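Trainee: Quick one: structure below, then a few questions.
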2 protein chains.
Amino acid sequence: MRVLILGGDGYLGWPTAMHLASAGHEVMVVDNYLRRRVMVEEDVEPLYPVPNLVERARKWQQITGREIVVQIGDLSRWEFVERVFKSFMPEAIVHYAEQPSAPYSMIRREAAALTINNNLGATANVIFAVKEHCPDAHIVKLGTMGEYGTPNIDIEEGWIDIEHNGRTEKFLYPRQAGSLYHTTKIMDTDLLWYYVRIWDLRVTDLMQGPVYGIFTDESECDESLLTIFSYDELFGTVLNRFIAQAVVGYPLTVYGKGGQTRGYLNIKDTLNCVRLAMENPANRGELRIFNQFTETFSVNELADKVREAGRRFGLDVRIKSMENPRKEKEEHYYNPKHTGLLDLGLVPNKLTCEELVRMMEYVSIHRDNIAHHKIFRGTKWA
Amino acid sequence: MRVLILGGDGYLGWPTAMHLASAGHEVMVVDNYLRRRVMVEEDVEPLYPVPNLVERARKWQQITGREIVVQIGDLSRWEFVERVFKSFMPEAIVHYAEQPSAPYSMIRREAAALTINNNLGATANVIFAVKEHCPDAHIVKLGTMGEYGTPNIDIEEGWIDIEHNGRTEKFLYPRQAGSLYHTTKIMDTDLLWYYVRIWDLRVTDLMQGPVYGIFTDESECDESLLTIFSYDELFGTVLNRFIAQAVVGYPLTVYGKGGQTRGYLNIKDTLNCVRLAMENPANRGELRIFNQFTETFSVNELADKVREAGRRFGLDVRIKSMENPRKEKEEHYYNPKHTGLLDLGLVPNKLTCEELVRMMEYVSIHRDNIAHHKIFRGTKWA
């Protein structure tokens, strides 16, 4: 399948590109290096340097003989989007091309504006490009479990039947997110759903939980193919951060009571989920929604698992509860459904002590690159 | 109260400015003439010329002795927004500053992008300006009944309690709009609701139905104070269009079966609703939602009323059913609640034959300005 990966330089974009190329798909990746630029501006560079996207694609081809075509440009600029779509005529689009950090979206007005403009602008342009140039193509959009927030009722897989005063209707499950970034993902869903109804697009919206991990099958052959790894408050997802903190003896930063529960998944499972969704496309006129995670954990449970893995690895991991800089429920009901991707054939890589130890081993190699002051700086939500 | 009216040049903005100034409030209006520019570009000028905003404010002051301060500028530019807020320090903000045409938002990609960027950009800047400069100010935001769409269950006033698998939660009423324009209003609501939760803003979101009418109490004293009146497919609301069509003998354009039902209100009631909401502000941390309309009618019912009024006025009004250029339900359940504004004291101006005849009389004076080819041009939704 000809697949266009938008945001192909990111934590998930690049491993997805390699994974889909390995599976025999024809892959083009697009990125404008927005995340790299923001990381430099905010003084939160990753654990180890990562070659640019052209360099990575070159290395990949040398090693595997498979091509990944690279286009560098800004998807919020229509002229660029149109050129990419016309030249490649994708059959599937994997859309990761968004400012992905919740804390960054809360840091100041300019960052919030960038998040709104970039995320909505790219999504709108993708929709219009598909309509004009490849209306039968399948858009696989990365949403987030954070769109649902933490409601007091079971979280269904995208849709809910509501009975009210003796009548019933099926609705998008009501959404109420915990950051501006997550709110832009709600807007994306609204936008996609509108144009699915009006133009009969095919869309899969993947409500993904926080991802952890470094290694994927395709990166095993050469270290230079490893994805970007962030351990800082802005771009590091919680489990990745905890691993880095454990390695340098920085107490694990548990915000408030630590009962915040989310659905997590291994980066390998992200790749499998995206591939399964892509290889089994939504129908024309369908907005198909999957909740993309494999296990739920509270922050306290994650911290305990990291401490346990640390013990195995020979680290004395401390846990420090601190005042919560975010505005969120610290204890709550959480019961999200997630059967859709399992039904498509997903075989989860569950979180094991071995996986955590392997991450600790690799992060330890680069421990001298970890700057303590980048781990936590207390970006306040309110 | 110091009230800042954003979009003060529009169909509702200018009459609101006069109404609130008459009621003794200190009024500043802001506009960038976006609607005027689009109307020229799209070749859909209004029924009669309307003086620019500075000229109208000057005339208003000559007649009433009351000042309305005018600022011309673009609210999607932060520097301008900040200057306005710092200089005026509003206690209330009435936010109409959005591209208001559903058909325009569907006409082509550029118009859709303009609608998204302008509407979201202005709303985000208003939120940030309130947070930074006047966190206690009350934002009165014009939403639309169109956010709800036409669900098969009763439409509540903004919120709904959902019972699911034995547990309950209160949610924003699920929204599913009928145009891109209406979808941007859903996004506005999401954005406002997020920052209400995080920053304890005070917000009233007015879910308004289609407005009709020309005259308000304050425009009676001088014709040059009359609001802009559109009879074209892009900017004319349905009843106003039908009046113009009746006057020039253009058959009333009923799309499809004509069973499309909406909640309507007289422009005088818009002003009263906005004033009542403003004078009775929402609490800090509250997103208060009112459904702003006074009566529901199907398109067929409206057409019949216009035909009846035409008979009284001496016109032979024809009705022509035509293929629906929009994608919408032509027959549907519709039962929206609307008690909040009545509880605040709203006394509705119901739709009467006399009101329609008076509109016909006035439109007749300008009948030579009506260009038949501007009435309907068949902008297709899909």
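Chains: A, B, ... in order of the structure tokens. Residues: from 1 per chain. Ligands: from 1, in order shown.
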Tell me, as a PyMOL selection string, which residues lie within 12 Å of B:Leu206, counting only C-alpha atoms; anything in the same chain fewer than 6 positions away does not count.
Mentor: chain B and resi 94-96+139-147+157-158+185-186+188-189+270-271+273-278+282+287-293+338+340-341
Trainee: Up to 8 Å from chain A, what residues of chain B turn up? Count only C-alpha atoms and give them as a PyMOL selection string.
Mentor: chain B and resi 109+113+117+121+124+128+151-154+162-165+167-169+171-174+176-180+183+186-187+190-191+194+198-199+327+381-382
Trainee: What's the 7 Å shell around A:Thr379, counting only C-alpha atoms, without same-chain residues fewer than 5 positions away, as a ChimeraX atom specification?
Mentor: /A:103,107,325
Trainee: Could you save the residues just selected, with all heavy atoms, as a short mmCIF file (atom, residue, chain, number, x, y, z; two decimals), in the first residue's frame?
Mentor:
data_model
loop_
_atom_site.label_atom_id
_atom_site.label_comp_id
_atom_site.auth_asym_id
_atom_site.auth_seq_id
_atom_site.Cartn_x
_atom_site.Cartn_y
_atom_site.Cartn_z
N PRO A 103 2.20 19.42 28.26
CA PRO A 103 2.78 20.51 29.08
C PRO A 103 3.22 21.70 28.22
O PRO A 103 3.03 22.85 28.61
CB PRO A 103 3.99 19.86 29.76
CG PRO A 103 3.71 18.40 29.72
CD PRO A 103 2.91 18.15 28.49
N ILE A 107 2.34 26.05 28.48
CA ILE A 107 3.47 26.80 29.03
C ILE A 107 3.31 28.31 28.88
O ILE A 107 3.71 29.07 29.74
CB ILE A 107 4.79 26.25 28.40
CG1 ILE A 107 5.95 26.30 29.36
CG2 ILE A 107 5.10 26.92 27.09
CD1 ILE A 107 7.14 25.45 28.92
N PRO A 325 1.47 20.00 39.65
CA PRO A 325 1.45 21.24 38.88
C PRO A 325 0.28 21.29 37.89
O PRO A 325 -0.04 22.33 37.34
CB PRO A 325 2.78 21.21 38.13
CG PRO A 325 3.11 19.76 38.00
CD PRO A 325 2.52 19.08 39.20
#
Trainee: Neighbouring residues of A:Cys134 were defined as those with any atom within 10 Å, considering only C-alpha atoms; residues of the same chain fewer than 3 positions away were excluded. Please report them as a ChimeraX atom specification.
Mentor: /A:85-86,89-92,128-131,137-138,201
Trainee: So that I have them on file, write out the residues from the current selection with C-alpha atoms, as a compact mmCIF listing (two decimals), in the first residue's frame.
Mentor:
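Output saved as result-v3.txt:
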# COMPACT_ATOMS: atom_id res chain seq x y z
CA PHE A 85 -0.41 14.48 -2.23
CA LYS A 86 -0.31 15.01 -5.99
CA MET A 89 -1.17 9.80 -4.37
CA PRO A 90 -1.33 7.88 -1.09
CA GLU A 91 -3.73 5.02 -0.44
CA ALA A 92 -3.35 5.55 3.30
CA PHE A 128 -8.92 18.83 1.91
CA ALA A 129 -6.05 17.12 0.13
CA VAL A 130 -7.73 13.72 0.47
CA LYS A 131 -11.01 15.14 -0.82
CA ALA A 137 -7.61 7.04 0.71
CA HIS A 138 -7.84 6.02 4.35
CA LEU A 201 -14.15 10.04 3.78
Trainee: What is the atom CA of A:Gly314-atom CA of A:Cys221 distance in Å, reported with one decimal?
Mentor: 27.7 Å
Trainee: If you count only C-alpha atoms, which residues fall within 12 Å of B:Lys305, apart from same-chain ones fewer than 5 positions away, as JSON, numbers by chain?
Mentor: {"B": [239, 242, 243, 246, 252, 297, 298, 299, 300, 310, 311, 312, 317, 318, 319, 351, 352, 353, 354, 355, 356, 357]}
Trainee: Write down as a PyMOL selection string the residues belonging to stretch 190-320 of chain B that are assigned helix (DSSP H, G or I) by DSSP computed on the backbone.
Mentor: chain B and resi 190-199+217-219+223-225+238-248+267-279+299-313
Trainee: Kindly give the distance, in Å, that separates atom CA of A:Ser364 and atom CA of A:Glu45, rounded to a single decimal.
Mentor: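 So the answer is 16.7 Å.
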Trainee: Show which residues sit within 10 Å of B:Thr253, as a list in words. Count only C-alpha atoms, and ignore same-chain residues fewer than 3 positions away.
Mentor: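 With the cut-off at 10 Å, the set is Val238, Arg241, Phe242, Gln245, Tyr250, Gly256, Gly258, Val299, Ala303, Arg318, Ile319, Lys320, Ser321, Met322, Glu323, Asn324, Ile375 and Phe376 of chain B.
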Trainee: Keeping only N, CA, C and O atoms, write the selected residues as a compact mmCIF listing (two decimals), in the first residue's frame.
Mentor:
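Resulting contents of part15.txt:
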# COMPACT_ATOMS: atom_id res chain seq x y z
N VAL B 238 -32.63 32.61 6.74
CA VAL B 238 -33.69 32.10 5.87
C VAL B 238 -34.92 33.00 5.80
O VAL B 238 -35.43 33.30 4.71
N ARG B 241 -34.21 36.17 3.87
CA ARG B 241 -34.14 35.86 2.44
C ARG B 241 -35.54 35.70 1.85
O ARG B 241 -35.84 36.23 0.77
N PHE B 242 -36.37 34.97 2.55
CA PHE B 242 -37.73 34.72 2.04
C PHE B 242 -38.49 36.04 1.84
O PHE B 242 -39.25 36.19 0.87
N GLN B 245 -37.24 37.57 -1.30
CA GLN B 245 -37.71 36.79 -2.44
C GLN B 245 -39.19 37.08 -2.71
O GLN B 245 -39.60 37.25 -3.86
N TYR B 250 -39.61 36.20 -6.51
CA TYR B 250 -38.73 35.05 -6.69
C TYR B 250 -39.28 33.93 -5.80
O TYR B 250 -39.42 34.11 -4.59
N GLY B 256 -35.37 20.66 -0.47
CA GLY B 256 -35.87 19.31 -0.20
C GLY B 256 -37.27 19.33 0.35
O GLY B 256 -38.12 20.10 -0.09
N GLY B 258 -38.39 20.33 3.18
CA GLY B 258 -38.78 21.51 3.95
C GLY B 258 -39.17 21.24 5.38
O GLY B 258 -39.69 22.12 6.07
N VAL B 299 -39.04 24.82 7.78
CA VAL B 299 -38.91 25.71 6.63
C VAL B 299 -40.26 25.86 5.93
O VAL B 299 -40.64 26.95 5.50
N ALA B 303 -42.20 29.33 5.16
CA ALA B 303 -42.64 29.69 3.80
C ALA B 303 -44.15 30.02 3.80
O ALA B 303 -44.58 31.00 3.18
N ARG B 318 -45.00 32.66 -4.36
CA ARG B 318 -44.92 31.25 -4.74
C ARG B 318 -43.83 30.54 -3.92
O ARG B 318 -42.88 31.18 -3.47
N ILE B 319 -44.01 29.26 -3.78
CA ILE B 319 -43.04 28.45 -3.03
C ILE B 319 -42.54 27.36 -3.97
O ILE B 319 -43.33 26.71 -4.63
N LYS B 320 -41.22 27.21 -4.02
CA LYS B 320 -40.67 26.23 -4.94
C LYS B 320 -39.75 25.26 -4.19
O LYS B 320 -38.72 25.66 -3.65
N SER B 321 -40.16 24.01 -4.18
CA SER B 321 -39.29 23.01 -3.57
C SER B 321 -38.17 22.69 -4.55
O SER B 321 -38.41 22.55 -5.75
N MET B 322 -36.96 22.61 -4.06
CA MET B 322 -35.85 22.33 -4.96
C MET B 322 -34.92 21.29 -4.34
O MET B 322 -34.94 21.06 -3.14
N GLU B 323 -34.10 20.71 -5.19
CA GLU B 323 -33.13 19.73 -4.69
C GLU B 323 -32.28 20.38 -3.61
O GLU B 323 -31.82 21.51 -3.78
N ASN B 324 -32.06 19.68 -2.52
CA ASN B 324 -31.35 20.26 -1.39
C ASN B 324 -29.85 20.31 -1.67
O ASN B 324 -29.21 19.28 -1.84
N ILE B 375 -29.66 35.65 -5.11
CA ILE B 375 -30.54 35.01 -4.14
C ILE B 375 -30.16 33.55 -3.93
O ILE B 375 -30.04 33.08 -2.81
N PHE B 376 -29.97 32.85 -5.01
CA PHE B 376 -29.62 31.43 -4.91
C PHE B 376 -28.56 31.10 -5.94
O PHE B 376 -28.71 31.42 -7.11
Trainee: Which residue gives the smallest distance to B:Pro100 among B:Gly259, B:Pro251, B:Pro336, B:Gly13, with only C-alpha atoms counted?
Mentor: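 The answer is B:Gly13, which sits nearest to B:Pro100.
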Trainee: I want to know what sits within 8 Å of A:Pro15, based on only C-alpha atoms, with residues of the same chain fewer than 2 positions away left out; could you give that as a ChimeraX atom specification?
Mentor: /A:11-13,17-19,216,218-219,226-227,271
